[in-house]
Every structure is written in C-alpha cells, then in structure tokens.
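**Q** Below is the file input09.txt, with compact mmCIF, C-alpha atoms and all ligand atoms.
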# COMPACT_ATOMS: atom_id res chain seq x y z
CA MET A 1 -28.80 -4.50 -13.93
CA THR A 2 -30.64 -5.32 -10.72
CA HIS A 3 -28.52 -8.07 -9.16
CA THR A 4 -24.83 -8.99 -9.02
CA SER A 5 -22.87 -11.65 -7.15
CA VAL A 6 -20.44 -9.26 -5.45
CA ALA A 7 -20.83 -5.51 -5.02
CA ILE A 8 -17.45 -3.84 -4.48
CA ILE A 9 -17.14 -0.31 -3.10
CA GLY A 10 -13.92 1.42 -4.22
CA ALA A 11 -11.76 1.13 -7.33
CA GLY A 12 -8.48 1.02 -5.42
CA PRO A 13 -5.98 -1.84 -5.18
CA ALA A 14 -8.34 -3.99 -3.07
CA GLY A 15 -11.50 -3.49 -5.15
CA LEU A 16 -9.95 -3.73 -8.61
CA THR A 17 -7.74 -6.72 -7.77
CA LEU A 18 -10.76 -8.49 -6.27
CA ALA A 19 -12.95 -7.79 -9.30
CA HIS A 20 -10.20 -9.17 -11.56
CA LEU A 21 -9.66 -12.34 -9.50
CA LEU A 22 -13.41 -12.99 -9.31
CA HIS A 23 -13.84 -12.47 -13.05
CA ARG A 24 -11.11 -15.03 -13.78
CA GLN A 25 -13.16 -17.55 -11.80
CA GLY A 26 -16.36 -16.66 -13.62
CA VAL A 27 -17.90 -14.61 -10.79
CA GLU A 28 -19.27 -11.21 -11.79
CA SER A 29 -19.16 -8.07 -9.71
CA VAL A 30 -19.99 -4.37 -9.88
CA VAL A 31 -17.37 -1.86 -8.70
CA PHE A 32 -18.64 1.51 -7.38
CA GLU A 33 -16.16 4.40 -7.25
CA SER A 34 -17.08 7.89 -6.06
CA ARG A 35 -14.12 9.54 -7.81
CA SER A 36 -13.65 10.01 -11.56
CA ARG A 37 -11.52 7.62 -13.56
CA ARG A 38 -9.04 10.42 -14.11
CA GLU A 39 -8.68 11.12 -10.39
CA VAL A 40 -8.13 7.43 -9.63
CA GLU A 41 -5.55 7.16 -12.39
CA GLU A 42 -3.65 10.29 -11.39
CA THR A 43 -3.59 10.30 -7.58
CA VAL A 44 0.02 9.93 -6.42
CA ARG A 45 0.60 7.16 -3.89
CA ALA A 46 3.51 4.87 -2.97
CA GLY A 47 4.90 2.41 -5.39
CA VAL A 48 6.66 -0.75 -4.24
CA LEU A 49 5.32 -4.12 -5.34
CA GLU A 50 6.19 -7.16 -3.26
CA GLN A 51 7.26 -10.30 -5.11
CA GLY A 52 3.84 -11.90 -4.46
CA THR A 53 2.03 -8.92 -5.99
CA MET A 54 4.31 -9.01 -9.05
CA ARG A 55 3.62 -12.72 -9.38
CA LEU A 56 -0.14 -12.30 -9.06
CA MET A 57 -0.05 -9.69 -11.84
CA ARG A 58 1.96 -12.00 -14.10
CA GLU A 59 -0.05 -15.13 -13.35
CA THR A 60 -3.38 -13.41 -13.96
CA GLY A 61 -2.31 -11.94 -17.29
CA ILE A 62 -1.90 -8.33 -16.21
CA GLY A 63 1.86 -8.00 -15.66
CA GLU A 64 3.08 -7.13 -19.12
CA ARG A 65 3.34 -3.34 -18.74
CA MET A 66 4.70 -3.70 -15.22
CA ASP A 67 7.47 -5.98 -16.51
CA ARG A 68 8.23 -3.52 -19.29
CA GLU A 69 8.03 -0.21 -17.43
CA ALA A 70 8.60 -0.81 -13.72
CA ASP A 71 11.96 -0.15 -12.16
CA ILE A 72 12.77 -3.72 -11.15
CA ASP A 73 15.61 -3.86 -8.65
CA ASP A 74 17.53 -6.63 -6.96
CA ALA A 75 18.68 -4.54 -3.99
CA ILE A 76 17.98 -1.56 -1.75
CA ASP A 77 20.49 0.57 0.15
CA ILE A 78 20.29 1.56 3.78
CA SER A 79 22.38 4.62 4.57
CA ILE A 80 23.59 5.82 7.97
CA ASN A 81 25.05 9.34 7.86
CA GLY A 82 25.93 8.94 4.18
CA ARG A 83 27.48 5.45 4.49
CA ARG A 84 25.45 2.97 2.45
CA THR A 85 24.97 -0.75 3.05
CA ARG A 86 23.47 -2.81 0.25
CA ILE A 87 20.68 -5.25 1.04
CA ASP A 88 20.97 -7.81 -1.74
CA LEU A 89 17.28 -8.72 -1.98
CA LEU A 90 17.80 -11.14 -4.85
CA GLY A 91 20.79 -12.90 -3.29
CA LEU A 92 19.17 -13.11 0.15
CA THR A 93 15.64 -14.08 -0.89
CA GLY A 94 15.71 -15.09 -4.57
CA HIS A 95 13.26 -12.28 -5.32
CA HIS A 96 13.28 -8.82 -6.88
CA MET A 97 11.17 -5.83 -5.92
CA ALA A 98 9.49 -3.45 -8.33
CA VAL A 99 8.96 0.29 -8.08
CA TYR A 100 5.65 0.63 -9.91
CA PRO A 101 3.47 3.50 -8.67
CA GLN A 102 0.05 2.57 -7.36
CA HIS A 103 -1.77 4.62 -10.01
CA GLU A 104 0.01 2.65 -12.74
CA TYR A 105 -1.14 -0.58 -11.06
CA LEU A 106 -4.69 0.78 -10.99
CA ARG A 107 -4.49 1.87 -14.63
CA ASP A 108 -3.65 -1.69 -15.67
CA PHE A 109 -6.53 -3.17 -13.68
CA ILE A 110 -9.01 -0.56 -14.94
CA ALA A 111 -8.00 -1.24 -18.56
CA GLN A 112 -8.35 -4.99 -17.99
CA ARG A 113 -11.74 -4.55 -16.32
CA ILE A 114 -13.01 -2.58 -19.28
CA GLU A 115 -11.56 -5.09 -21.76
CA ASP A 116 -13.28 -7.90 -19.83
CA GLY A 117 -16.61 -6.06 -20.05
CA GLY A 118 -16.87 -5.74 -16.25
CA GLU A 119 -19.11 -3.19 -14.53
CA LEU A 120 -16.94 -0.38 -13.22
CA LEU A 121 -18.95 2.71 -12.24
CA PHE A 122 -16.93 5.90 -11.70
CA ASP A 123 -18.46 9.10 -10.27
CA THR A 124 -20.95 6.85 -8.46
CA THR A 125 -21.58 7.22 -4.73
CA VAL A 126 -22.91 4.43 -2.54
CA ASP A 127 -25.55 5.98 -0.25
CA GLU A 128 -26.71 3.00 1.78
CA VAL A 129 -25.98 -0.69 2.29
CA THR A 130 -28.58 -2.86 4.02
CA GLY A 131 -29.33 -6.54 4.46
CA TYR A 132 -25.80 -7.83 5.12
CA ASP A 133 -27.05 -9.80 8.15
CA GLY A 134 -29.72 -11.49 6.00
CA ASP A 135 -29.88 -13.42 2.73
CA GLU A 136 -29.19 -10.58 0.31
CA VAL A 137 -27.54 -7.16 0.37
CA THR A 138 -29.25 -4.07 -1.06
CA ILE A 139 -27.10 -1.18 -2.24
CA THR A 140 -28.57 2.25 -2.89
CA TYR A 141 -26.33 4.52 -4.97
CA THR A 142 -26.30 7.77 -6.86
CA ALA A 143 -25.18 7.20 -10.42
CA GLU A 144 -23.02 9.50 -12.54
CA ASN A 145 -26.18 11.08 -13.99
CA GLY A 146 -27.44 12.04 -10.50
CA MET A 147 -30.20 9.39 -10.43
CA GLN A 148 -30.58 7.27 -7.31
CA GLU A 149 -30.75 3.53 -8.03
CA THR A 150 -30.63 0.22 -6.18
CA ILE A 151 -29.01 -3.11 -6.87
CA THR A 152 -28.96 -6.33 -4.85
CA ALA A 153 -25.92 -8.54 -4.32
CA ASP A 154 -24.99 -11.80 -2.64
CA TYR A 155 -22.04 -10.13 -0.94
CA ILE A 156 -20.68 -6.62 -0.38
CA VAL A 157 -16.98 -5.76 -0.09
CA ALA A 158 -15.87 -2.32 1.13
CA GLY A 159 -12.49 -1.39 -0.32
CA ASP A 160 -13.10 2.33 -0.04
CA GLY A 161 -10.10 3.42 1.98
CA SER A 162 -9.25 4.44 5.51
CA SER A 163 -12.31 6.62 6.07
CA SER A 164 -14.74 3.90 4.96
CA PRO A 165 -18.18 4.30 6.61
CA HIS A 166 -18.74 0.54 6.22
CA ARG A 167 -16.44 -0.31 9.14
CA ALA A 168 -19.02 1.00 11.61
CA PRO A 169 -21.42 -2.01 11.51
CA ILE A 170 -18.50 -4.36 12.12
CA LEU A 171 -17.31 -2.34 15.10
CA GLU A 172 -20.81 -2.71 16.63
CA LEU A 173 -20.16 -6.45 16.99
CA GLU A 174 -19.28 -7.61 20.46
CA GLY A 175 -15.55 -8.33 20.75
CA SER A 176 -14.64 -6.33 17.64
CA GLU A 177 -11.89 -3.74 17.92
CA ARG A 178 -9.99 -1.10 16.03
CA THR A 179 -6.45 -0.66 17.34
CA LYS A 180 -4.70 2.59 16.44
CA PHE A 181 -1.23 4.06 16.76
CA GLU A 182 0.13 7.52 15.84
CA TYR A 183 3.79 8.20 15.06
CA PRO A 184 5.67 11.35 16.10
CA TYR A 185 6.78 12.10 12.52
CA ALA A 186 5.51 12.42 8.95
CA TRP A 187 7.00 12.56 5.44
CA PHE A 188 7.29 15.46 3.09
CA GLY A 189 7.06 13.90 -0.40
CA ILE A 190 8.11 15.48 -3.68
CA LEU A 191 8.14 14.58 -7.36
CA VAL A 192 11.07 16.02 -9.27
CA ASN A 193 12.08 16.28 -12.92
CA ALA A 194 15.61 14.95 -12.53
CA PRO A 195 17.73 11.98 -13.57
CA GLN A 196 17.90 9.01 -11.17
CA THR A 197 20.18 9.55 -8.18
CA GLN A 198 20.95 5.83 -8.39
CA LYS A 199 18.96 2.88 -9.71
CA GLU A 200 18.21 1.28 -6.32
CA LEU A 201 16.19 2.92 -3.54
CA ILE A 202 18.06 4.50 -0.63
CA TYR A 203 16.57 4.53 2.88
CA ALA A 204 18.72 7.04 4.79
CA THR A 205 18.97 7.95 8.44
CA HIS A 206 20.80 11.01 9.75
CA PRO A 207 20.62 13.13 12.94
CA GLU A 208 18.51 15.64 10.94
CA GLY A 209 16.04 12.86 10.12
CA PHE A 210 15.09 10.19 7.60
CA ALA A 211 15.15 10.53 3.81
CA LEU A 212 14.10 8.16 1.03
CA ILE A 213 15.35 8.23 -2.53
CA SER A 214 12.88 6.50 -4.82
CA THR A 215 12.07 6.82 -8.49
CA ARG A 216 9.20 7.05 -10.95
CA SER A 217 11.11 6.87 -14.24
CA ARG A 218 14.50 7.76 -15.65
CA SER A 219 13.51 11.43 -15.65
CA VAL A 220 11.09 11.69 -12.68
CA GLN A 221 12.21 10.99 -9.12
CA ARG A 222 10.27 10.53 -5.90
CA TYR A 223 11.96 11.77 -2.74
CA TYR A 224 10.72 11.87 0.85
CA LEU A 225 12.02 13.72 3.91
CA GLN A 226 11.04 13.11 7.50
CA CYS A 227 9.13 16.15 8.73
CA ASN A 228 6.94 17.22 11.61
CA PRO A 229 3.36 15.85 11.50
CA ASN A 230 2.05 19.42 11.71
CA ASP A 231 4.21 20.73 8.85
CA GLN A 232 2.47 22.35 5.90
CA VAL A 233 3.72 22.20 2.32
CA GLU A 234 4.57 25.93 2.59
CA ASP A 235 7.01 25.24 5.44
CA TRP A 236 9.40 23.61 2.98
CA SER A 237 11.16 26.00 0.58
CA ASP A 238 13.15 24.51 -2.30
CA GLU A 239 16.33 25.61 -0.55
CA ARG A 240 15.37 23.79 2.63
CA ILE A 241 14.34 20.64 0.70
CA TRP A 242 17.61 20.38 -1.24
CA GLY A 243 19.72 21.33 1.78
CA GLN A 244 18.10 18.57 3.83
CA LEU A 245 18.21 15.94 1.08
CA HIS A 246 21.93 16.52 0.52
CA ALA A 247 22.67 16.58 4.26
CA ARG A 248 20.78 13.37 4.93
CA VAL A 249 21.73 11.29 1.86
CA ASP A 250 24.92 12.47 0.09
CA GLY A 251 28.14 10.58 0.73
CA GLU A 252 30.68 8.14 -0.71
CA GLY A 253 30.59 9.91 -4.08
CA LEU A 254 26.79 9.95 -4.35
CA THR A 255 24.88 13.25 -4.67
CA VAL A 256 21.08 13.52 -4.75
CA SER A 257 20.09 14.67 -8.24
CA GLU A 258 18.18 17.96 -8.32
CA GLY A 259 15.53 19.29 -10.65
CA GLU A 260 12.23 21.13 -10.83
CA ILE A 261 9.83 20.06 -8.05
CA PHE A 262 6.31 19.65 -9.47
CA ASP A 263 4.39 17.90 -6.68
CA ARG A 264 4.60 18.34 -2.89
CA SER A 265 2.60 16.69 -0.13
CA VAL A 266 2.74 15.77 3.56
CA LEU A 267 2.05 12.09 4.37
CA ARG A 268 0.67 11.16 7.80
CA PHE A 269 2.09 8.24 9.73
CA ARG A 270 -0.62 6.09 11.26
CA SER A 271 -1.30 2.47 12.05
CA ALA A 272 -4.77 0.96 12.49
CA VAL A 273 -6.09 -2.59 12.50
CA THR A 274 -9.76 -3.58 12.44
CA ASP A 275 -10.57 -7.05 13.72
CA PRO A 276 -12.71 -8.78 12.57
CA MET A 277 -12.85 -7.62 8.96
CA GLN A 278 -16.33 -9.04 8.31
CA ARG A 279 -19.94 -9.21 9.44
CA GLY A 280 -22.52 -11.41 7.71
CA ARG A 281 -22.31 -10.64 3.98
CA LEU A 282 -20.15 -7.53 4.51
CA PHE A 283 -16.35 -7.69 4.18
CA LEU A 284 -13.61 -5.06 4.48
CA ALA A 285 -10.44 -5.15 2.37
CA GLY A 286 -7.34 -2.95 2.20
CA ASP A 287 -7.24 0.45 3.91
CA ALA A 288 -10.94 0.22 4.83
CA ALA A 289 -9.78 -2.37 7.36
CA HIS A 290 -6.21 -1.34 8.15
CA THR A 291 -3.69 1.45 7.67
CA VAL A 292 0.09 1.10 7.68
CA PRO A 293 2.63 3.95 7.74
CA PRO A 294 4.39 4.46 4.38
CA THR A 295 7.86 3.09 5.24
CA GLY A 296 8.33 -0.13 3.26
CA ALA A 297 5.24 0.61 1.13
CA LYS A 298 3.13 -2.29 2.38
CA GLY A 299 -0.31 -0.70 1.90
CA LEU A 300 -1.09 -1.84 -1.65
CA ASN A 301 0.50 -5.23 -1.06
CA LEU A 302 -1.61 -5.82 2.03
CA ALA A 303 -4.77 -5.01 0.06
CA VAL A 304 -3.71 -7.58 -2.54
CA ALA A 305 -3.06 -10.14 0.24
CA ASP A 306 -6.55 -9.53 1.69
CA VAL A 307 -8.28 -10.20 -1.59
CA SER A 308 -6.10 -13.27 -2.21
CA VAL A 309 -8.05 -14.81 0.66
CA LEU A 310 -11.37 -13.08 0.01
CA ALA A 311 -11.63 -13.91 -3.71
CA PRO A 312 -11.37 -17.72 -3.33
CA GLY A 313 -13.66 -17.53 -0.29
CA LEU A 314 -16.32 -15.72 -2.29
CA VAL A 315 -15.90 -17.95 -5.34
CA ARG A 316 -16.24 -21.11 -3.25
CA ALA A 317 -19.32 -19.79 -1.45
CA ILE A 318 -21.01 -18.58 -4.64
CA LYS A 319 -20.22 -21.65 -6.74
CA THR A 320 -20.59 -24.45 -4.19
CA GLY A 321 -22.49 -22.93 -1.27
CA ASN A 322 -19.55 -23.84 1.00
CA ASP A 323 -18.70 -20.71 2.99
CA ASP A 324 -16.07 -22.12 5.37
CA LEU A 325 -13.20 -20.17 3.77
CA LEU A 326 -15.28 -17.00 3.69
CA ARG A 327 -16.18 -17.34 7.37
CA ASN A 328 -12.46 -17.65 8.13
CA TYR A 329 -11.46 -14.61 6.06
CA SER A 330 -10.58 -12.43 9.06
CA ALA A 331 -8.81 -15.20 10.91
CA LEU A 332 -6.67 -15.83 7.82
CA ALA A 333 -6.05 -12.18 6.89
CA VAL A 334 -5.46 -10.44 10.23
CA PRO A 335 -2.15 -12.16 11.20
CA ARG A 336 -0.55 -10.93 7.98
CA VAL A 337 -1.85 -7.44 8.72
CA TRP A 338 -0.13 -7.48 12.11
CA ARG A 339 3.12 -8.71 10.57
CA ALA A 340 3.00 -5.83 8.10
CA GLN A 341 2.29 -3.44 10.98
CA HIS A 342 5.30 -4.79 12.80
CA PHE A 343 7.60 -4.46 9.78
CA SER A 344 6.42 -0.95 8.87
CA TYR A 345 6.75 0.16 12.50
CA TRP A 346 10.16 -1.49 12.93
CA MET A 347 11.63 0.02 9.77
CA SER A 348 10.13 3.42 10.64
CA ALA A 349 11.40 3.35 14.21
CA MET A 350 14.94 2.31 13.19
CA LEU A 351 15.28 5.01 10.54
CA HIS A 352 13.55 8.08 11.99
CA SER A 353 15.17 10.50 14.36
CA VAL A 354 13.09 11.57 17.38
CA PRO A 355 15.25 13.99 19.43
CA GLU A 356 12.61 14.15 22.22
CA GLN A 357 13.35 10.50 22.98
CA GLY A 358 16.83 11.46 24.21
CA HIS A 359 20.40 10.40 23.56
CA PHE A 360 20.03 6.86 24.90
CA GLN A 361 17.22 6.01 22.47
CA HIS A 362 19.08 7.68 19.60
CA ARG A 363 22.21 5.55 20.13
CA ARG A 364 20.21 2.39 20.82
CA ARG A 365 18.25 2.90 17.61
CA LEU A 366 21.45 3.22 15.55
CA ALA A 367 22.89 0.13 17.26
CA GLU A 368 19.76 -1.81 16.30
CA LEU A 369 20.15 -0.71 12.69
CA GLU A 370 23.88 -1.50 12.66
CA ALA A 371 23.33 -4.91 14.27
CA MET A 372 20.78 -5.76 11.59
CA LEU A 373 23.09 -4.62 8.78
CA ALA A 374 26.20 -6.30 10.20
CA THR A 375 25.05 -9.90 9.85
CA GLU A 376 23.75 -11.82 6.89
CA ALA A 377 20.96 -13.17 9.11
CA GLY A 378 19.90 -9.60 9.90
CA ARG A 379 20.01 -8.47 6.29
CA ARG A 380 18.10 -11.57 5.22
CA TYR A 381 15.37 -10.91 7.80
CA GLN A 382 15.05 -7.36 6.49
CA ALA A 383 15.07 -8.55 2.87
CA GLN A 384 12.45 -11.25 3.42
CA GLN A 385 10.04 -8.82 5.04
CA TYR A 386 10.74 -6.23 2.36
CA VAL A 387 10.07 -8.46 -0.67
CA GLY A 388 7.15 -9.97 1.24
CA PHE A 389 5.86 -13.46 1.78
CA ASP A 390 4.06 -15.56 -0.82
CA LEU A 391 0.38 -14.79 -1.19
CA PRO A 392 -1.92 -17.44 0.23
CA THR A 393 -3.39 -19.91 -2.28
CA PHE A 394 -6.48 -22.10 -1.92
CA ASP A 395 -7.93 -24.93 -3.95
CA LEU A 396 -11.34 -24.05 -5.29
C1 LIG B 401 8.07 4.57 -2.15
C2 LIG B 401 7.35 4.73 -0.99
C3 LIG B 401 7.69 4.04 0.13
O1 LIG B 401 6.99 4.19 1.27
C4 LIG B 401 8.75 3.15 0.12
O2 LIG B 401 9.08 2.48 1.24
C5 LIG B 401 9.47 2.99 -1.04
C6 LIG B 401 9.13 3.70 -2.17
C7 LIG B 401 7.69 5.33 -3.36
O3 LIG B 401 6.70 6.06 -3.32
O4 LIG B 401 8.39 5.22 -4.38
As structure tokens, what does this structure read like?
**A**
Amino acid sequence: MTHTSVAIIGAGPAGLTLAHLLHRQGVESVVFESRSRREVEETVRAGVLEQGTMRLMRETGIGERMDREADIDDAIDISINGRRTRIDLLGLTGHHMAVYPQHEYLRDFIAQRIEDGGELLFDTTVDEVTGYDGDEVTITYTAENGMQETITADYIVAGDGSSSPHRAPILELEGSERTKFEYPYAWFGILVNAPQTQKELIYATHPEGFALISTRSRSVQRYYLQCNPNDQVEDWSDERIWGQLHARVDGEGLTVSEGEIFDRSVLRFRSAVTDPMQRGRLFLAGDAAHTVPPTGAKGLNLAVADVSVLAPGLVRAIKTGNDDLLRNYSALAVPRVWRAQHFSYWMSAMLHSVPEQGHFQHRRRLAELEAMLATEAGRRYQAQQYVGFDLPTFDL
C-alpha cells in the first residue's frame, strides 16, 4: 500500500477508537504501533469507562464482551477514616459506570480491526513525518521485518502517548502552549489474587493517605495506595502494603481482602494540556496531547472524547472537502480536557493527605469532602463528573 486516507500512530485508546469510527464511515486508515500486539494487550492500565464510552462501544457494535464481563456498578463509595458514604451514580445521574481494564478495551478494538480487515501494523516504528503543512503527509517507517518504507496520507493523527515526538511541531506554532502540573504524591498499585472486598469501588482518605479499592474480576483485585513520588517498588513490603490498606480502608464491618500480590508498580501524578492539538494535517489525540492524574480514571475516556470530534471532522473533510469541523477540532476538544483536569485534580486534592501543607489545609480538605458528601447537590455534582458527560455528536 502506498497511500491511505488517515495514518494513525499508536494502537492505544485514541488510535484504535479512531480507526474503528473512521471504518464505520467508510474511511480507511493505517495504524502504526511500535510495540507488539502482546505488549499492547497485556500492559496494565486503569479501567473505568464513563457512560459515554460504554455507549459508544455499544452503538458501534463492540460492546458485547464489555457488557458480559465488565464489573458494571451503580455506585461508588467514598470513605473517610473507615466511614463510607455511598454515591448513588445511577440514582443521581441515571447512568452506571463500568470497571473494564484498558487492555480489555484495546483487545476488543484490535479484534474488531482485524475482523474488519483494517491495516494494523504492530512492531512498526514511525521514523519521520513530513508534509503536514502541505497537501499530503509522507510517513517513513520501519516495518516489522526491519525494512524502511514510506506511505502517503491525507491526514496524520498522533495517538502515541505522553512522550509523543509529534507534539513538537505544534509547539513551534506561535501562541501554542503546553501547561504542566506536578502533584506531591503518587500511587503504589498492586494486582492481587483475592476475592472482591466489595462490589463497588472505594475511594478512601485517611491521615496515613489515600487508598483505592478497585477490581479486575471476582478473583483478581486492583488496589492503590498513596505513596511518595520517589518511592520504588522495593520500598513496599507485603507487610507494609497490607498494614496500610487495612489502616486506610477497613471499618464498619468491611475488611480489605488479602491474597498473593502478582503485580506492583508506582504511578506518577501529572497533568499536562497541549493547546492547540493540531497543525495543518497533523492532529494529536489522547495522551499525546494531554495527561491527567489517575484519580477518577479519565485518561482513556478523554482519548475517546477527542476522537469523537476528530473522526467526524476527518470523515467530513475527506468525503465532502468541507474541513470546518476539522479546523475547529482543538477549540471543541480542549474545554473538555480542562474539565477533566479540574475533576481529576479536585478529586485527588480532596482525597490525598499532604502533611507538609499543615493542619489548616488538612482540616479544610476534609471539610470540603464532607460538605460535598453531605448534600444531594454535592453528591450529584461528583456523580455527574464521575460518570462523565455525553460524547459530542455531529451530523455528517
Ligand atoms: C481504577 C483506576 C482509577 O484511577 C480509578 O479512579 C478507578 C479505578 C482501576 O485501575 O481499576
């Protein structure tokens, strides 16, 4: 193949969702992924789907396994020193949430891509992208067999994650900016062979720090503990992990279920927003453009929201030559990115303990959390942000 409509770099949530949406509108693409299929399908990431993401999966014929296997919940719990308050997501918003790990989402989209006969090139590295300011983009890449090849495309989309090299040309534009923020904490994440602690997720705050009880299946659980950003995996013995999980979460008859820990990692807390997310025929989507901290698990959902604008923009431009939606991609996508930044920051700040901030901030933070939980209006605000807003739709 020597030409495609849309070249997509990265087989993550942004790239694979985009390829699927384009295919459904009859627009073909090639997806380049430097990692192997196995690595993409096995890398552990977060796992909450917003209602809009669940709906997109169902409406585009890819939601069957999610509906069968995801842990679909109608509530989450927020716990302060072991006292839990239920946020009735379904009652407050009319929507559920799903715990469906990102790699399962990717597995479904990869299988669909292959079934649809789409071009999905694993173990393939993009070496150079040129021509995005002109009439056609040229992509030079090293294929799985080590041969260097080129392909041309009408448009190029970089969905290759937070260290994407394709942000650089956009940041050369006058008036462009990348805004960053670093948080004074991180998460220590584990996967455990254990029964569910309880069906719904628990976001817990405690003077010792935050903890999150999530799940992967009936027999595999995902737990997180607030830790120091400089902590190494070796700093956390099993004894320390279980001691801290029980201290931070147990209460009112609930005890965190224990088991063999088979995966451990430290997750950084960072925010970044790139604006604009486009230059000529080059577009950024997902983490290539923006990073959110893990609390609330907005990352995948934000990538899906990006491509819900980008896909119709590309389809309209390719099919009708009208590129007004495409030119407005950034203007339409960036406000949602900032709202997700706000929510992820707000939830993080309310739930994490930062002793260096002093006693006043500690008590004020708990008062903020309690004020939110004490009123239906507060719980509804939390619930609406958590299940997420409808994805944008456009007539084609
Ligand atoms: C998970 C991760 C999150 O950041 C979150 O808010 C909820 C769940 C998870 O990995 O299961």
**Q** Between chain A and ligand LIG 401 (chain B), at 9 Å or less, what are the per-residue closest atom pairs and their distances in Å? Count only C-alpha atoms and all ligand atoms, order by chain and rising residue number, and return it as a tab-separated table.
**A**
residue	atom	partner	partner_atom	distance
A:Val44	CA	B:LIG401	O3	8.3
A:Arg45	CA	B:LIG401	O3	6.2
A:Ala46	CA	B:LIG401	O3	3.4
A:Gly47	CA	B:LIG401	C7	4.5
A:Val48	CA	B:LIG401	C6	5.5
A:Val99	CA	B:LIG401	O4	6.2
A:Tyr100	CA	B:LIG401	O4	7.7
A:Pro101	CA	B:LIG401	O4	6.8
A:Gln102	CA	B:LIG401	O3	8.5
A:Gly189	CA	B:LIG401	O3	8.4
A:Leu201	CA	B:LIG401	C5	7.2
A:Ile202	CA	B:LIG401	C5	8.7
A:Tyr203	CA	B:LIG401	O2	7.9
A:Leu212	CA	B:LIG401	C5	7.2
A:Ile213	CA	B:LIG401	C6	7.7
A:Ser214	CA	B:LIG401	O4	4.7
A:Thr215	CA	B:LIG401	O4	5.7
A:Arg216	CA	B:LIG401	O4	6.9
A:Gln221	CA	B:LIG401	O4	8.4
A:Arg222	CA	B:LIG401	O4	5.8
A:Tyr223	CA	B:LIG401	O4	7.6
A:Tyr224	CA	B:LIG401	C2	8.1
A:Pro293	CA	B:LIG401	O1	7.8
A:Pro294	CA	B:LIG401	O1	4.1
A:Thr295	CA	B:LIG401	O1	4.2
A:Gly296	CA	B:LIG401	O2	3.4
A:Ala297	CA	B:LIG401	O1	4.0
A:Lys298	CA	B:LIG401	O1	7.6
A:Gly299	CA	B:LIG401	O1	8.8
A:Ser344	CA	B:LIG401	O2	8.8
A:Tyr386	CA	B:LIG401	O2	8.9
**Q** Determine the nearest neighbour of Val334 (chain A) from the options A:Asp275, A:Glu376, A:Glu356, A:Asp263, counting all atoms listed in the file.
**A**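 Closest to Val334 (chain A) of all the choices is A:Asp275.
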**Q** Quick one: residues within 10 Å of Arg55 (chain A), all atoms listed in the file counted, chain neighbours fewer than 6 positions away excluded, as an NGL selection string?
**A** :A and (49 or 61-63 or 390-391)
**Q** Do a neighbour search on Arg38 (chain A) at 10 Å with all atoms listed in the file, toss out local chain neighbours closer than 4 positions, and write the hits as a PDB file with C-alpha atoms, in the frame of the given file.
**A**
ATOM      1  CA  GLU A  42      -3.650  10.290 -11.390  1.00  0.00           C
ATOM      2  CA  THR A  43      -3.590  10.300  -7.580  1.00  0.00           C
ATOM      3  CA  ARG A 107      -4.490   1.870 -14.630  1.00  0.00           C
ATOM      4  CA  PHE A 122     -16.930   5.900 -11.700  1.00  0.00           C
TER       5      PHE A 122
END
**Q** Report the centre and edge lengths, in Å to one decimal, of an axis-aligned box enclosing every atom of region 191-197 of chain A listed in the file, padded by 6 Å on each side, as AutoDock Vina command-line options.
**A**
--center_x 14.2 --center_y 12.6 --center_z -10.5 --size_x 24.0 --size_y 19.3 --size_z 18.2
**Q** Could you tell me which of A:Ala288, A:Leu373, A:Leu396, A:Ala14 comes closest to Thr320 (chain A) if we count all atoms listed in the file?
**A**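 Answer, going by the shortest atom-to-atom distance: A:Leu396.
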**Q** Counting all atoms listed in the file, which residue out of A:Leu121, A:Ala333, A:Ala349, A:Ala70 sits closest to Lys199 (chain A)?
**A**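 Going through A:Leu121, A:Ala333, A:Ala349, A:Ala70 one by one, the smallest distance to Lys199 (chain A) is for A:Ala70.
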